[in-house]
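Pasting coords.cif here (mmCIF, N, CA and C atoms):
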data_entry
#
loop_
_atom_site.label_atom_id
_atom_site.label_comp_id
_atom_site.auth_asym_id
_atom_site.auth_seq_id
_atom_site.Cartn_x
_atom_site.Cartn_y
_atom_site.Cartn_z
N MET A 1 67.64 50.11 40.64
CA MET A 1 67.80 50.73 41.93
C MET A 1 67.53 52.22 41.81
N LYS A 2 67.03 52.81 42.89
CA LYS A 2 66.78 54.24 42.87
C LYS A 2 67.92 55.00 43.53
N ARG A 3 68.05 56.23 43.13
CA ARG A 3 69.04 57.13 43.71
C ARG A 3 68.65 57.44 45.15
N LEU A 4 69.62 57.50 46.05
CA LEU A 4 69.35 57.74 47.45
C LEU A 4 69.38 59.22 47.80
N THR A 5 68.49 59.63 48.67
CA THR A 5 68.52 61.00 49.19
C THR A 5 69.55 61.07 50.31
N ARG A 6 69.90 62.29 50.70
CA ARG A 6 70.86 62.45 51.80
C ARG A 6 70.32 61.82 53.08
N THR A 7 69.05 62.02 53.35
CA THR A 7 68.45 61.45 54.56
C THR A 7 68.54 59.92 54.55
N GLU A 8 68.23 59.31 53.42
CA GLU A 8 68.31 57.85 53.31
C GLU A 8 69.74 57.34 53.45
N SER A 9 70.70 58.13 53.03
CA SER A 9 72.10 57.69 53.05
C SER A 9 72.72 57.74 54.44
N GLY A 10 72.21 58.62 55.30
CA GLY A 10 72.80 58.78 56.63
C GLY A 10 74.08 59.59 56.63
N LEU A 11 74.41 60.20 55.51
CA LEU A 11 75.63 61.00 55.40
C LEU A 11 75.37 62.45 55.79
N THR A 12 76.44 63.15 56.12
CA THR A 12 76.32 64.59 56.35
C THR A 12 76.10 65.26 55.00
N ALA A 13 75.68 66.51 55.02
CA ALA A 13 75.47 67.25 53.77
C ALA A 13 76.75 67.32 52.95
N ARG A 14 77.87 67.55 53.62
CA ARG A 14 79.16 67.66 52.91
C ARG A 14 79.57 66.33 52.30
N GLU A 15 79.44 65.24 53.06
CA GLU A 15 79.79 63.91 52.56
C GLU A 15 78.91 63.55 51.36
N TYR A 16 77.62 63.80 51.50
CA TYR A 16 76.67 63.50 50.43
C TYR A 16 77.01 64.29 49.17
N LYS A 17 77.29 65.57 49.34
CA LYS A 17 77.63 66.42 48.19
C LYS A 17 78.88 65.90 47.48
N THR A 18 79.88 65.51 48.26
CA THR A 18 81.12 64.99 47.66
C THR A 18 80.83 63.72 46.87
N LEU A 19 80.15 62.76 47.50
CA LEU A 19 79.89 61.50 46.81
C LEU A 19 78.94 61.68 45.62
N MET A 20 77.99 62.60 45.72
CA MET A 20 77.08 62.84 44.59
C MET A 20 77.80 63.52 43.43
N SER A 21 78.89 64.21 43.71
CA SER A 21 79.66 64.82 42.62
C SER A 21 80.40 63.76 41.81
N LEU A 22 80.52 62.57 42.36
CA LEU A 22 81.22 61.47 41.69
C LEU A 22 80.19 60.65 40.91
N ALA A 23 79.69 61.24 39.83
CA ALA A 23 78.53 60.70 39.12
C ALA A 23 78.86 59.64 38.07
N THR A 24 80.11 59.42 37.77
CA THR A 24 80.50 58.41 36.77
C THR A 24 81.68 57.60 37.31
N PRO A 25 81.87 56.40 36.80
CA PRO A 25 83.04 55.62 37.23
C PRO A 25 84.36 56.39 37.05
N MET A 26 84.49 57.15 35.96
CA MET A 26 85.73 57.90 35.73
C MET A 26 85.91 59.01 36.76
N LYS A 27 84.83 59.68 37.15
CA LYS A 27 84.93 60.72 38.19
C LYS A 27 85.31 60.09 39.53
N ILE A 28 84.75 58.92 39.81
CA ILE A 28 85.11 58.22 41.04
C ILE A 28 86.60 57.85 41.00
N GLN A 29 87.05 57.32 39.86
CA GLN A 29 88.45 56.93 39.72
C GLN A 29 89.36 58.14 39.87
N ASP A 30 89.00 59.24 39.23
CA ASP A 30 89.83 60.45 39.35
C ASP A 30 89.92 60.91 40.80
N PHE A 31 88.81 60.83 41.52
CA PHE A 31 88.81 61.20 42.93
C PHE A 31 89.74 60.28 43.72
N LEU A 32 89.61 58.97 43.51
CA LEU A 32 90.47 58.03 44.23
C LEU A 32 91.95 58.23 43.88
N ASP A 33 92.23 58.57 42.64
CA ASP A 33 93.61 58.83 42.24
C ASP A 33 94.17 60.07 42.95
N SER A 34 93.29 61.01 43.31
CA SER A 34 93.74 62.24 43.98
C SER A 34 93.95 62.05 45.48
N VAL A 35 93.41 60.96 46.03
CA VAL A 35 93.53 60.69 47.47
C VAL A 35 94.85 59.94 47.70
N PRO A 36 95.67 60.41 48.64
CA PRO A 36 96.92 59.70 48.92
C PRO A 36 96.68 58.27 49.39
N MET A 37 97.67 57.43 49.15
CA MET A 37 97.61 56.03 49.58
C MET A 37 97.68 55.95 51.10
N ASN A 38 96.86 55.12 51.68
CA ASN A 38 96.92 54.85 53.12
C ASN A 38 97.94 53.73 53.33
N HIS A 39 99.08 54.08 53.84
CA HIS A 39 100.15 53.10 54.04
C HIS A 39 100.06 52.41 55.40
N GLU A 40 99.01 52.69 56.16
CA GLU A 40 98.74 52.03 57.45
C GLU A 40 99.95 52.07 58.37
N LYS A 41 100.54 53.23 58.55
CA LYS A 41 101.75 53.37 59.36
C LYS A 41 101.53 53.02 60.84
N LYS A 42 100.29 53.12 61.30
CA LYS A 42 100.00 52.81 62.71
C LYS A 42 99.28 51.47 62.86
N GLY A 43 99.35 50.61 61.86
CA GLY A 43 98.70 49.31 61.90
C GLY A 43 97.56 49.21 60.90
N ASP A 44 97.00 48.01 60.78
CA ASP A 44 95.94 47.75 59.81
C ASP A 44 94.75 48.69 60.01
N THR A 45 94.21 49.15 58.90
CA THR A 45 93.01 49.98 58.93
C THR A 45 91.99 49.41 57.97
N HIS A 46 90.76 49.71 58.23
CA HIS A 46 89.65 49.39 57.33
C HIS A 46 88.71 50.59 57.39
N LEU A 47 89.16 51.70 56.80
CA LEU A 47 88.42 52.95 56.88
C LEU A 47 87.12 52.87 56.09
N SER A 48 86.04 53.37 56.69
CA SER A 48 84.75 53.46 56.01
C SER A 48 84.83 54.58 54.98
N PRO A 49 83.87 54.65 54.05
CA PRO A 49 83.86 55.77 53.11
C PRO A 49 83.86 57.13 53.83
N ARG A 50 83.12 57.22 54.91
CA ARG A 50 83.09 58.48 55.69
C ARG A 50 84.49 58.83 56.20
N ARG A 51 85.20 57.84 56.75
CA ARG A 51 86.55 58.10 57.28
C ARG A 51 87.54 58.40 56.16
N VAL A 52 87.37 57.79 55.00
CA VAL A 52 88.24 58.11 53.86
C VAL A 52 88.07 59.59 53.50
N LEU A 53 86.83 60.07 53.49
CA LEU A 53 86.59 61.48 53.19
C LEU A 53 87.19 62.38 54.26
N GLN A 54 87.12 61.96 55.51
CA GLN A 54 87.66 62.77 56.61
C GLN A 54 89.18 62.77 56.63
N GLU A 55 89.77 61.59 56.49
CA GLU A 55 91.22 61.46 56.63
C GLU A 55 91.98 61.66 55.32
N LYS A 56 91.25 61.70 54.21
CA LYS A 56 91.83 61.94 52.89
C LYS A 56 92.99 60.99 52.58
N LYS A 57 92.73 59.69 52.80
CA LYS A 57 93.68 58.64 52.43
C LYS A 57 92.90 57.35 52.31
N ALA A 58 93.44 56.41 51.51
CA ALA A 58 92.76 55.12 51.34
C ALA A 58 93.72 54.11 50.73
N HIS A 59 93.50 52.84 51.07
CA HIS A 59 94.13 51.75 50.33
C HIS A 59 93.03 51.04 49.56
N CYS A 60 93.32 49.91 48.95
CA CYS A 60 92.41 49.36 47.94
C CYS A 60 91.01 49.06 48.45
N ILE A 61 90.86 48.38 49.59
CA ILE A 61 89.50 48.05 50.04
C ILE A 61 88.76 49.31 50.49
N GLU A 62 89.48 50.25 51.06
CA GLU A 62 88.87 51.50 51.48
C GLU A 62 88.38 52.29 50.27
N GLY A 63 89.18 52.31 49.23
CA GLY A 63 88.77 52.97 47.99
C GLY A 63 87.62 52.24 47.32
N ALA A 64 87.65 50.90 47.37
CA ALA A 64 86.57 50.11 46.76
C ALA A 64 85.25 50.39 47.47
N LEU A 65 85.28 50.48 48.79
CA LEU A 65 84.05 50.77 49.53
C LEU A 65 83.53 52.18 49.24
N LEU A 66 84.44 53.14 49.11
CA LEU A 66 84.01 54.50 48.76
C LEU A 66 83.39 54.51 47.36
N ALA A 67 84.03 53.83 46.41
CA ALA A 67 83.49 53.77 45.05
C ALA A 67 82.12 53.09 45.03
N ALA A 68 81.97 52.01 45.79
CA ALA A 68 80.69 51.30 45.86
C ALA A 68 79.62 52.21 46.46
N ALA A 69 79.98 52.97 47.49
CA ALA A 69 79.03 53.89 48.11
C ALA A 69 78.58 54.97 47.12
N ALA A 70 79.52 55.50 46.35
CA ALA A 70 79.18 56.53 45.36
C ALA A 70 78.23 55.96 44.29
N LEU A 71 78.53 54.77 43.80
CA LEU A 71 77.65 54.14 42.81
C LEU A 71 76.26 53.88 43.41
N TRP A 72 76.23 53.41 44.65
CA TRP A 72 74.97 53.11 45.34
C TRP A 72 74.11 54.37 45.50
N LEU A 73 74.73 55.48 45.88
CA LEU A 73 73.99 56.73 46.01
C LEU A 73 73.35 57.13 44.68
N HIS A 74 74.00 56.80 43.59
CA HIS A 74 73.49 57.13 42.25
C HIS A 74 72.54 56.07 41.71
N GLY A 75 72.18 55.09 42.54
CA GLY A 75 71.19 54.09 42.14
C GLY A 75 71.76 52.88 41.44
N GLU A 76 73.07 52.68 41.53
CA GLU A 76 73.69 51.51 40.91
C GLU A 76 74.03 50.47 41.97
N PRO A 77 74.11 49.20 41.59
CA PRO A 77 74.46 48.18 42.58
C PRO A 77 75.88 48.38 43.11
N PRO A 78 76.07 48.34 44.43
CA PRO A 78 77.42 48.47 45.01
C PRO A 78 78.09 47.10 45.07
N ILE A 79 78.90 46.79 44.05
CA ILE A 79 79.51 45.46 43.94
C ILE A 79 81.02 45.59 44.06
N ILE A 80 81.60 44.84 45.00
CA ILE A 80 83.05 44.81 45.09
C ILE A 80 83.54 43.38 44.82
N MET A 81 84.77 43.28 44.34
CA MET A 81 85.37 41.97 44.03
C MET A 81 86.74 41.91 44.70
N ASN A 82 86.97 40.84 45.46
CA ASN A 82 88.27 40.60 46.06
C ASN A 82 89.07 39.71 45.12
N LEU A 83 90.20 40.20 44.68
CA LEU A 83 91.10 39.42 43.84
C LEU A 83 92.14 38.81 44.77
N SER A 84 92.02 37.52 45.03
CA SER A 84 92.89 36.85 45.99
C SER A 84 94.16 36.35 45.34
N ALA A 85 95.26 36.58 46.02
CA ALA A 85 96.57 36.08 45.59
C ALA A 85 97.03 35.12 46.67
N ARG A 86 96.86 33.84 46.44
CA ARG A 86 97.13 32.86 47.50
C ARG A 86 98.24 31.86 47.14
N MET A 87 99.07 32.23 46.22
CA MET A 87 100.09 31.28 45.77
C MET A 87 101.30 31.22 46.69
N ASN A 88 101.79 32.36 47.15
CA ASN A 88 103.01 32.40 47.94
C ASN A 88 102.79 33.23 49.20
N LYS A 89 103.58 32.91 50.21
CA LYS A 89 103.54 33.72 51.41
C LYS A 89 103.95 35.15 51.04
N GLY A 90 103.21 36.12 51.54
CA GLY A 90 103.52 37.51 51.22
C GLY A 90 102.68 38.07 50.09
N ASP A 91 101.92 37.22 49.39
CA ASP A 91 101.03 37.73 48.35
C ASP A 91 99.96 38.61 48.98
N VAL A 92 99.53 39.60 48.26
CA VAL A 92 98.56 40.56 48.78
C VAL A 92 97.33 40.57 47.88
N ASP A 93 96.14 40.51 48.49
CA ASP A 93 94.90 40.60 47.73
C ASP A 93 94.71 42.03 47.22
N HIS A 94 93.80 42.18 46.27
CA HIS A 94 93.43 43.51 45.78
C HIS A 94 91.91 43.53 45.64
N VAL A 95 91.28 44.64 46.02
CA VAL A 95 89.83 44.77 45.98
C VAL A 95 89.46 45.88 45.01
N VAL A 96 88.50 45.61 44.14
CA VAL A 96 88.03 46.58 43.16
C VAL A 96 86.50 46.69 43.24
N THR A 97 85.97 47.78 42.73
CA THR A 97 84.52 47.97 42.64
C THR A 97 84.12 47.74 41.19
N LEU A 98 83.10 46.92 41.00
CA LEU A 98 82.63 46.63 39.65
C LEU A 98 81.51 47.58 39.25
N TYR A 99 81.46 47.88 37.97
CA TYR A 99 80.35 48.64 37.40
C TYR A 99 80.05 48.08 36.03
N LYS A 100 78.85 48.32 35.56
CA LYS A 100 78.43 47.78 34.28
C LYS A 100 77.91 48.90 33.39
N ARG A 101 78.36 48.91 32.14
CA ARG A 101 77.91 49.87 31.14
C ARG A 101 77.69 49.12 29.83
N GLY A 102 76.53 49.29 29.23
CA GLY A 102 76.26 48.65 27.95
C GLY A 102 76.39 47.14 28.00
N GLY A 103 76.07 46.54 29.14
CA GLY A 103 76.15 45.08 29.28
C GLY A 103 77.55 44.56 29.52
N ARG A 104 78.53 45.45 29.66
CA ARG A 104 79.92 45.04 29.89
C ARG A 104 80.41 45.52 31.24
N TRP A 105 81.36 44.79 31.81
CA TRP A 105 81.88 45.07 33.14
C TRP A 105 83.18 45.85 33.10
N GLY A 106 83.32 46.77 34.05
CA GLY A 106 84.55 47.52 34.27
C GLY A 106 84.86 47.53 35.75
N ALA A 107 85.99 48.13 36.14
CA ALA A 107 86.38 48.16 37.55
C ALA A 107 87.01 49.50 37.92
N ILE A 108 86.73 49.92 39.15
CA ILE A 108 87.33 51.11 39.75
C ILE A 108 88.29 50.59 40.81
N SER A 109 89.48 51.19 40.91
CA SER A 109 90.50 50.65 41.80
C SER A 109 91.33 51.74 42.45
N LYS A 110 91.63 51.57 43.73
CA LYS A 110 92.56 52.45 44.44
C LYS A 110 93.86 51.70 44.64
N THR A 111 94.90 52.20 44.02
CA THR A 111 96.21 51.58 44.15
C THR A 111 97.28 52.57 43.69
N ASN A 112 98.48 52.34 44.09
CA ASN A 112 99.61 53.10 43.58
C ASN A 112 100.31 52.36 42.44
N HIS A 113 99.81 51.18 42.11
CA HIS A 113 100.42 50.36 41.07
C HIS A 113 99.65 50.56 39.76
N ALA A 114 100.28 51.14 38.79
CA ALA A 114 99.61 51.49 37.53
C ALA A 114 98.97 50.30 36.83
N THR A 115 99.51 49.12 37.01
CA THR A 115 99.02 47.97 36.24
C THR A 115 97.73 47.38 36.78
N ILE A 116 97.39 47.64 38.04
CA ILE A 116 96.17 47.03 38.58
C ILE A 116 95.12 48.09 38.92
N ARG A 117 95.01 49.08 38.07
CA ARG A 117 94.07 50.17 38.28
C ARG A 117 92.75 49.95 37.53
N PHE A 118 92.14 51.04 37.16
CA PHE A 118 90.85 51.13 36.49
C PHE A 118 90.77 50.22 35.27
N ARG A 119 89.59 49.67 35.04
CA ARG A 119 89.32 48.90 33.82
C ARG A 119 88.09 49.49 33.14
N ASP A 120 88.22 49.77 31.84
CA ASP A 120 87.08 50.22 31.05
C ASP A 120 86.06 49.08 30.96
N PRO A 121 84.79 49.41 30.76
CA PRO A 121 83.75 48.37 30.69
C PRO A 121 83.74 47.65 29.33
N VAL A 122 84.67 46.73 29.18
CA VAL A 122 84.78 45.97 27.94
C VAL A 122 84.70 44.46 28.17
N TYR A 123 84.55 44.04 29.42
CA TYR A 123 84.60 42.62 29.78
C TYR A 123 83.19 42.03 29.86
N ARG A 124 83.02 40.85 29.26
CA ARG A 124 81.69 40.21 29.21
C ARG A 124 81.23 39.70 30.57
N THR A 125 82.16 39.27 31.42
CA THR A 125 81.80 38.72 32.72
C THR A 125 82.77 39.25 33.78
N PRO A 126 82.38 39.20 35.05
CA PRO A 126 83.34 39.57 36.10
C PRO A 126 84.58 38.68 36.09
N ARG A 127 84.43 37.41 35.73
CA ARG A 127 85.58 36.51 35.66
C ARG A 127 86.58 36.99 34.60
N GLU A 128 86.06 37.36 33.44
CA GLU A 128 86.93 37.86 32.37
C GLU A 128 87.66 39.12 32.83
N LEU A 129 86.97 39.99 33.54
CA LEU A 129 87.59 41.20 34.08
C LEU A 129 88.69 40.83 35.07
N ALA A 130 88.39 39.90 35.99
CA ALA A 130 89.39 39.48 36.98
C ALA A 130 90.64 38.93 36.29
N LEU A 131 90.46 38.16 35.23
CA LEU A 131 91.60 37.60 34.51
C LEU A 131 92.47 38.68 33.86
N SER A 132 91.88 39.86 33.59
CA SER A 132 92.66 40.94 32.98
C SER A 132 93.74 41.45 33.92
N TYR A 133 93.61 41.18 35.21
CA TYR A 133 94.63 41.61 36.17
C TYR A 133 95.77 40.60 36.31
N PHE A 134 95.55 39.37 35.92
CA PHE A 134 96.50 38.28 36.20
C PHE A 134 97.90 38.55 35.68
N HIS A 135 98.03 38.90 34.42
CA HIS A 135 99.36 39.04 33.82
C HIS A 135 100.11 40.28 34.31
N GLU A 136 99.40 41.17 35.02
CA GLU A 136 100.04 42.39 35.51
C GLU A 136 100.29 42.37 37.01
N TRP A 137 99.99 41.26 37.66
CA TRP A 137 100.08 41.16 39.11
C TRP A 137 101.44 40.60 39.47
N PHE A 138 102.21 41.39 40.23
CA PHE A 138 103.52 40.92 40.66
C PHE A 138 103.89 41.60 41.97
N MET A 139 104.81 40.99 42.67
CA MET A 139 105.30 41.54 43.93
C MET A 139 106.37 42.58 43.63
N ASN A 140 106.23 43.77 44.18
CA ASN A 140 107.22 44.83 43.93
C ASN A 140 108.62 44.45 44.40
N GLU A 141 108.69 43.78 45.55
CA GLU A 141 109.99 43.47 46.13
C GLU A 141 110.77 42.45 45.31
N THR A 142 110.08 41.46 44.76
CA THR A 142 110.77 40.36 44.07
C THR A 142 110.54 40.35 42.57
N GLY A 143 109.49 41.02 42.12
CA GLY A 143 109.17 40.99 40.70
C GLY A 143 108.45 39.71 40.29
N GLU A 144 108.16 38.82 41.25
CA GLU A 144 107.45 37.57 40.95
C GLU A 144 106.03 37.87 40.50
#

Could I get this structure in the form of structure tokens?
Amino acid sequence: MKRLTRTESGLTAREYKTLMSLATPMKIQDFLDSVPMNHEKKGDTHLSPRRVLQEKKAHCIEGALLAAAALWLHGEPPIIMNLSARMNKGDVDHVVTLYKRGGRWGAISKTNHATIRFRDPVYRTPRELALSYFHEWFMNETGE
């Protein structure tokens, strides 16, 4: 894939500059870590990358879309993965952005939960990466 110009991206100069400054998965992760969590106090949101930059808050899918947009601008495939938790009522899905380095998969993640964050690119397949989250996934309220 080729790197996108500002005109091709449809972003403002400021938005483009911000996303272009996020040139590596770690820089993207550091940026997402600096953005406060969107707790959706006024109801469900699905903020676009542009709105995340404007409102300076994000939850997991909003962060995943921003990370995917940053990778896409840099000429990488924008791939997101939904990790579904469908075992019990009240389970919550988590969305991450995948990236590949040296033939191995890693993940960028927006969350306030330390255990389901960033993954270094050490996984052979996206499935193997997804399984790395399994043993750390639990409900805060019950500990299940």

I need the residue set behind the PyMOL selection byres ((chain A and resi 37) around 6.5) for this file; please write it as a PyMOL selection string. chain A and resi 35-36+38-40+57-59

Using only C-alpha atoms, what table do you get, as JSON lines, when you list each residue of region 3-48 of chain A with an atom no more than 6 Å from region 64-86 of chain A, its nearest pair of atoms, and their distance in Å rounded to one decimal, rows by chain then rising number?
{"residue": "A:Arg3", "atom": "CA", "partner": "A:Gly75", "partner_atom": "CA", "distance": 4.0}
{"residue": "A:Leu4", "atom": "CA", "partner": "A:Leu73", "partner_atom": "CA", "distance": 5.0}
{"residue": "A:Leu19", "atom": "CA", "partner": "A:Ala70", "partner_atom": "CA", "distance": 5.2}

Starting from the shown file, work through the PyMOL selection byres (((chain A and resi 119 and name CA) around 9) and name CA) and note down what comes out as a list in words. Trp105, Gly106, Ala107, Ile108, Ser109, Ile116, Arg117, Phe118, Asp120, Pro121, Val122, Tyr123, Leu129 and Ser132 of chain A

Could you please write out, as a count of residues only, every residue of chain A that DSSP assigns to strand (DSSP E)? 23

Residue nearest Glu62 (chain A) - candidates A:Ser34, A:Tyr16, A:Arg6, A:Val95, atoms counted: only C-alpha atoms: A:Val95

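Using only C-alpha atoms, the nearest neighbour of Asn112 (chain A) within the list A:Asp33, A:Ile61, A:Arg127, A:Val96 is A:Asp33.
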
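Across the model, the gap from atom N of Phe31 (chain A) to CA of Gln54 (chain A) is 15.3 Å.
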
In terms of the shortest atom-to-atom distance over only C-alpha atoms, which of A:Pro25, A:His135, A:Leu32, A:Arg51 is closest to Leu98 (chain A)? A:Pro25

To one decimal place, how far is atom N of Thr18 (chain A) from CA of Arg101 (chain A) in Å? 23.3 Å

What gap, in Å, lies between atom C of Glu15 (chain A) and atom C of Val52 (chain A)? 10.2 Å

I need the residue nearest Thr115 (chain A) from this list: A:Met26, A:Glu128, A:Ala13, A:His94. Use only C-alpha atoms for the distance. A:His94

Could you give me the residues within chain A that DSSP places in alpha helix (DSSP H), as a PyMOL selection string? chain A and resi 6-9+13-20+25-34+49-55+60-73+126-134
